[in-house]
Amino acid sequence: MTKRKTKLSGHRPGKAAQKSGPGSPESPGRRRRDSSQSARDGRHSGGRGGGLWLYGVHPVLAALANPRRRIDRLLLSPEAAQTWGQRLRQERDPRHERLSPETLDRRGIEAFLPEGAVHQGLAARAAPLEQPAIEDIAIAPLAAPKAEPEGAAGTEMEAGAPPARRVILLLDQVTDPHNVGAVLRSAAAFGAQAVVALDKGAPEESGTLAKSASGALEVVPYIKVTNLARTLDSLKEAGYWCWGLAGEAGQSLAGSRPAEAVALVLGAEGSGLRRLTRERCDLLVKLPTRAPIQALNISNAAAVALYELLGRD
C-alpha cells in the first residue's frame, strides 16, 4: 500500500478537523489537556489518600524517570527501600532528586491505595500527566526507544532502532483500565506513537491503569478525544491509512500491505467497532484464530497486531 497523500498541502495535520466543531481534536489554543479537574476528581485518585497514587515497582520507577511527571510523595516499605533504593536513586530524573522517600510498613502504604492493590512496597503520589494533542503526535518525528542494558540480548528493534512505520492505536469504547493498561504496555514494547480513546467511557489515568501498563503510561501518550470518527478523518488528512480490526473482515492483517503510517482501530470485546467507525476505515483486517477460539481479547489482539505492523523486519 502506498503512502497516503496529505490533503493539507504543507499545513499542520488536523487543521480541517480543528474547524469542524466540538467533536474535533483539540484546537491550537488547547494543546494540552487541563489536568486540574483530574487532580480534583476523586475518580482519578486510585486510592483513599487523595491525588493520583501510582504503585508497584515498574510504575513507580518509570514515573521517577519521567521528567514530565510531577510527584510530591514517595512511600517505601523497609524491604523495598533495601531492594530498590539504589535503583530509584540511579534512574530518577534530576527533577525528582529533592524528593525524599518516606518509610512506612506495608499496611501503612495500603492505607493510601485501593483495597487489594499489589504495591510491592512502593507508592508515589503524583499529578496526572499532561497529554499532547493528536495533531502533534501525527507530525512528531519517530524517536528511537531507550537502548537495552549492557549485555542484554535482543533484536535490532530491541537494541534501540526506531520503528520503520508510524502506528497510532485507537480504542473504540474500551472501558476496562486493565485492558487499556495492557494495550499501552504493548504500544510501548513495539513502538506505537500513541493510544487514543474516547473521552466518554474510557478509563481515566489511575493506579490500576498504570499498574497494568507496567511503566508504559510514562512513555506512550494516552490521549482522549470526544469524537473518534472525526479523529480518524484528521489522521487521514495527516497521511495515515485508517484500518479497523474486525473478525468478519475478508483479509488478514498478516496478508495485507501496510502503509508507512497506519491508524489501527480496535473495538470493545463483544460489540466490536461501531458503524461510524467502520465507515471511516479504509480497510478492515482480521487476526485469524483456530476453533474453538473465535477471537482474542483486546489486549492480546493489540499485541499481535502491533507485532505484525512494527515487530517484523
# chains A, B, ... in the order shown; residues from 1 in each chain; ligands from 1
>>> residues_around(residues="Val262 in chain A", least_positions_apart="2", cutoff="9 Å", atoms="only C-alpha atoms", output="PyMOL selection string")
chain A and resi 165-169+239-243+258-260+264+309
>>> write_last_selection(atoms="N, CA and C atoms", output="mmCIF file, in the first residue's frame")
data_model
loop_
_atom_site.group_PDB
_atom_site.id
_atom_site.type_symbol
_atom_site.label_atom_id
_atom_site.label_comp_id
_atom_site.auth_asym_id
_atom_site.auth_seq_id
_atom_site.Cartn_x
_atom_site.Cartn_y
_atom_site.Cartn_z
ATOM 1 N N ARG A 165 7.709 2.159 10.687
ATOM 2 C CA ARG A 165 6.343 2.559 10.335
ATOM 3 C C ARG A 165 5.740 3.364 11.487
ATOM 4 N N ARG A 166 4.872 4.300 11.161
ATOM 5 C CA ARG A 166 4.165 5.088 12.168
ATOM 6 C C ARG A 166 2.820 4.416 12.445
ATOM 7 N N VAL A 167 2.546 4.125 13.694
ATOM 8 C CA VAL A 167 1.286 3.457 14.060
ATOM 9 C C VAL A 167 0.687 4.152 15.278
ATOM 10 N N ILE A 168 -0.573 4.514 15.151
ATOM 11 C CA ILE A 168 -1.355 5.032 16.267
ATOM 12 C C ILE A 168 -2.504 4.065 16.519
ATOM 13 N N LEU A 169 -2.683 3.659 17.764
ATOM 14 C CA LEU A 169 -3.792 2.773 18.138
ATOM 15 C C LEU A 169 -4.968 3.606 18.626
ATOM 16 N N GLY A 239 -2.061 11.981 6.565
ATOM 17 C CA GLY A 239 -1.344 10.981 5.791
ATOM 18 C C GLY A 239 -1.446 9.558 6.289
ATOM 19 N N TYR A 240 -2.289 9.319 7.284
ATOM 20 C CA TYR A 240 -2.449 7.967 7.828
ATOM 21 C C TYR A 240 -3.534 7.208 7.062
ATOM 22 N N TRP A 241 -3.299 5.900 6.894
ATOM 23 C CA TRP A 241 -4.344 4.992 6.416
ATOM 24 C C TRP A 241 -5.032 4.413 7.643
ATOM 25 N N CYS A 242 -6.343 4.449 7.661
ATOM 26 C CA CYS A 242 -7.112 4.014 8.824
ATOM 27 C C CYS A 242 -7.634 2.592 8.608
ATOM 28 N N TRP A 243 -7.178 1.685 9.440
ATOM 29 C CA TRP A 243 -7.570 0.288 9.369
ATOM 30 C C TRP A 243 -8.340 -0.090 10.621
ATOM 31 N N PRO A 258 0.752 -3.033 4.690
ATOM 32 C CA PRO A 258 0.554 -1.801 5.461
ATOM 33 C C PRO A 258 1.278 -0.607 4.840
ATOM 34 N N ALA A 259 0.685 0.547 5.007
ATOM 35 C CA ALA A 259 1.293 1.784 4.547
ATOM 36 C C ALA A 259 2.360 2.241 5.541
ATOM 37 N N GLU A 260 3.011 3.358 5.222
ATOM 38 C CA GLU A 260 4.041 3.887 6.109
ATOM 39 C C GLU A 260 3.451 4.465 7.385
ATOM 40 N N LEU A 264 -4.699 2.258 13.540
ATOM 41 C CA LEU A 264 -5.385 0.975 13.718
ATOM 42 C C LEU A 264 -6.423 1.088 14.819
ATOM 43 N N LEU A 309 2.673 -5.137 12.561
ATOM 44 C CA LEU A 309 2.914 -3.836 11.950
ATOM 45 C C LEU A 309 4.296 -3.288 12.243
#
>>> select_by_dssp(residues="range 55-186 of chain A", states="helix (DSSP H, G or I)", output="ChimeraX atom specification")
/A:57-65,78-91,94-96,106-110,134-139,177-186
>>> closest_residue(among="A:His178, A:Arg95, A:Lys211, A:Arg107", to="Ile298 in chain A", atoms="only C-alpha atoms")
A:His178
>>> atom_distance(atom1="CA of Val180 in chain A", atom2="CA of Leu209 in chain A")
6.9 Å
>>> closest_residue(among="A:Ala246, A:Ile134, A:Ala63, A:Ala164", to="Gly207 in chain A", atoms="only C-alpha atoms")
A:Ala63
>>> closest_residue(among="A:Glu237, A:Asp176, A:Asp282, A:Glu218", to="Arg68 in chain A", atoms="only C-alpha atoms")
A:Glu218
>>> residues_around(residues="Gly121 in chain A", least_positions_apart="2", cutoff="8 Å", atoms="only C-alpha atoms", output="VMD selection string")
chain A and resid 56 to 57 75 to 80 105 to 106 109 119 123
>>> write_last_selection(atoms="N, CA, C and O atoms", output="PDB file, in the first residue's frame")
ATOM      1  N   GLY A  56       3.523  -0.058  42.758  1.00  0.00           N
ATOM      2  CA  GLY A  56       4.203  -1.165  42.097  1.00  0.00           C
ATOM      3  C   GLY A  56       5.571  -0.731  41.588  1.00  0.00           C
ATOM      4  O   GLY A  56       5.821   0.451  41.323  1.00  0.00           O
ATOM      5  N   VAL A  57       6.461  -1.697  41.436  1.00  0.00           N
ATOM      6  CA  VAL A  57       7.849  -1.388  41.073  1.00  0.00           C
ATOM      7  C   VAL A  57       7.940  -0.658  39.745  1.00  0.00           C
ATOM      8  O   VAL A  57       8.520   0.437  39.654  1.00  0.00           O
ATOM      9  N   LEU A  75       6.491   6.711  48.868  1.00  0.00           N
ATOM     10  CA  LEU A  75       6.404   5.818  50.020  1.00  0.00           C
ATOM     11  C   LEU A  75       7.120   4.515  49.719  1.00  0.00           C
ATOM     12  O   LEU A  75       6.918   3.918  48.657  1.00  0.00           O
ATOM     13  N   LEU A  76       7.940   4.060  50.652  1.00  0.00           N
ATOM     14  CA  LEU A  76       8.655   2.797  50.514  1.00  0.00           C
ATOM     15  C   LEU A  76       8.534   2.000  51.795  1.00  0.00           C
ATOM     16  O   LEU A  76       8.621   2.551  52.899  1.00  0.00           O
ATOM     17  N   SER A  77       8.355   0.708  51.654  1.00  0.00           N
ATOM     18  CA  SER A  77       8.468  -0.156  52.819  1.00  0.00           C
ATOM     19  C   SER A  77       9.957  -0.366  53.109  1.00  0.00           C
ATOM     20  O   SER A  77      10.804  -0.153  52.223  1.00  0.00           O
ATOM     21  N   PRO A  78      10.323  -0.758  54.326  1.00  0.00           N
ATOM     22  CA  PRO A  78      11.738  -1.004  54.619  1.00  0.00           C
ATOM     23  C   PRO A  78      12.365  -2.023  53.662  1.00  0.00           C
ATOM     24  O   PRO A  78      13.513  -1.859  53.231  1.00  0.00           O
ATOM     25  N   GLU A  79      11.613  -3.056  53.307  1.00  0.00           N
ATOM     26  CA  GLU A  79      12.144  -4.070  52.389  1.00  0.00           C
ATOM     27  C   GLU A  79      12.352  -3.492  50.994  1.00  0.00           C
ATOM     28  O   GLU A  79      13.367  -3.761  50.340  1.00  0.00           O
ATOM     29  N   ALA A  80      11.389  -2.693  50.530  1.00  0.00           N
ATOM     30  CA  ALA A  80      11.521  -2.087  49.204  1.00  0.00           C
ATOM     31  C   ALA A  80      12.665  -1.084  49.168  1.00  0.00           C
ATOM     32  O   ALA A  80      13.386  -0.971  48.167  1.00  0.00           O
ATOM     33  N   ASP A 105       5.456   0.845  56.853  1.00  0.00           N
ATOM     34  CA  ASP A 105       5.267  -0.594  56.686  1.00  0.00           C
ATOM     35  C   ASP A 105       4.197  -0.823  55.616  1.00  0.00           C
ATOM     36  O   ASP A 105       3.534   0.104  55.139  1.00  0.00           O
ATOM     37  N   ARG A 106       4.037  -2.059  55.209  1.00  0.00           N
ATOM     38  CA  ARG A 106       3.149  -2.364  54.086  1.00  0.00           C
ATOM     39  C   ARG A 106       1.715  -1.935  54.362  1.00  0.00           C
ATOM     40  O   ARG A 106       1.016  -1.434  53.473  1.00  0.00           O
ATOM     41  N   ILE A 109       1.303   1.782  53.823  1.00  0.00           N
ATOM     42  CA  ILE A 109       1.188   2.133  52.408  1.00  0.00           C
ATOM     43  C   ILE A 109      -0.198   1.778  51.879  1.00  0.00           C
ATOM     44  O   ILE A 109      -0.811   2.541  51.122  1.00  0.00           O
ATOM     45  N   HIS A 119       1.175  -3.445  45.669  1.00  0.00           N
ATOM     46  CA  HIS A 119       2.080  -2.292  45.591  1.00  0.00           C
ATOM     47  C   HIS A 119       3.560  -2.658  45.681  1.00  0.00           C
ATOM     48  O   HIS A 119       4.419  -1.824  45.381  1.00  0.00           O
ATOM     49  N   ALA A 123       4.973   3.217  46.445  1.00  0.00           N
ATOM     50  CA  ALA A 123       3.843   4.025  46.001  1.00  0.00           C
ATOM     51  C   ALA A 123       4.297   5.468  45.871  1.00  0.00           C
ATOM     52  O   ALA A 123       5.159   5.935  46.619  1.00  0.00           O
TER      53      ALA A 123
END
>>> atom_distance(atom1="CA of Ser252 in chain A", atom2="CA of Ser186 in chain A")
20.0 Å
>>> closest_residue(among="A:Leu170, A:Ala138, A:Thr175, A:Tyr307", to="Cys281 in chain A", atoms="only C-alpha atoms")
A:Leu170
>>> atom_distance(atom1="CA of Gly267 in chain A", atom2="CA of Trp53 in chain A")
28.7 Å
>>> residues_around(residues="Ala62 in chain A", least_positions_apart="5", cutoff="12 Å", atoms="only C-alpha atoms", output="list in words")
Leu54, Tyr55, Gly56, Val57, Pro67, Arg68, Arg69, Ile71, Arg87, Leu88, Gln90, Glu91, Arg92, Asp93, His96, Ala123, Ala124, Ala210, Lys211, Ala213, Ser214, Gly215, Ala216, Leu217, Glu218, Val219 and Val220 of chain A
>>> closest_residue(among="A:Ser234, A:Asn179, A:Gln294, A:Gln82", to="Ile139 in chain A", atoms="only C-alpha atoms")
A:Ser234
>>> select_by_dssp(residues="range 149-238 of chain A", states="strand (DSSP E)", output="PyMOL selection string")
chain A and resi 166-172+194-198+222-225
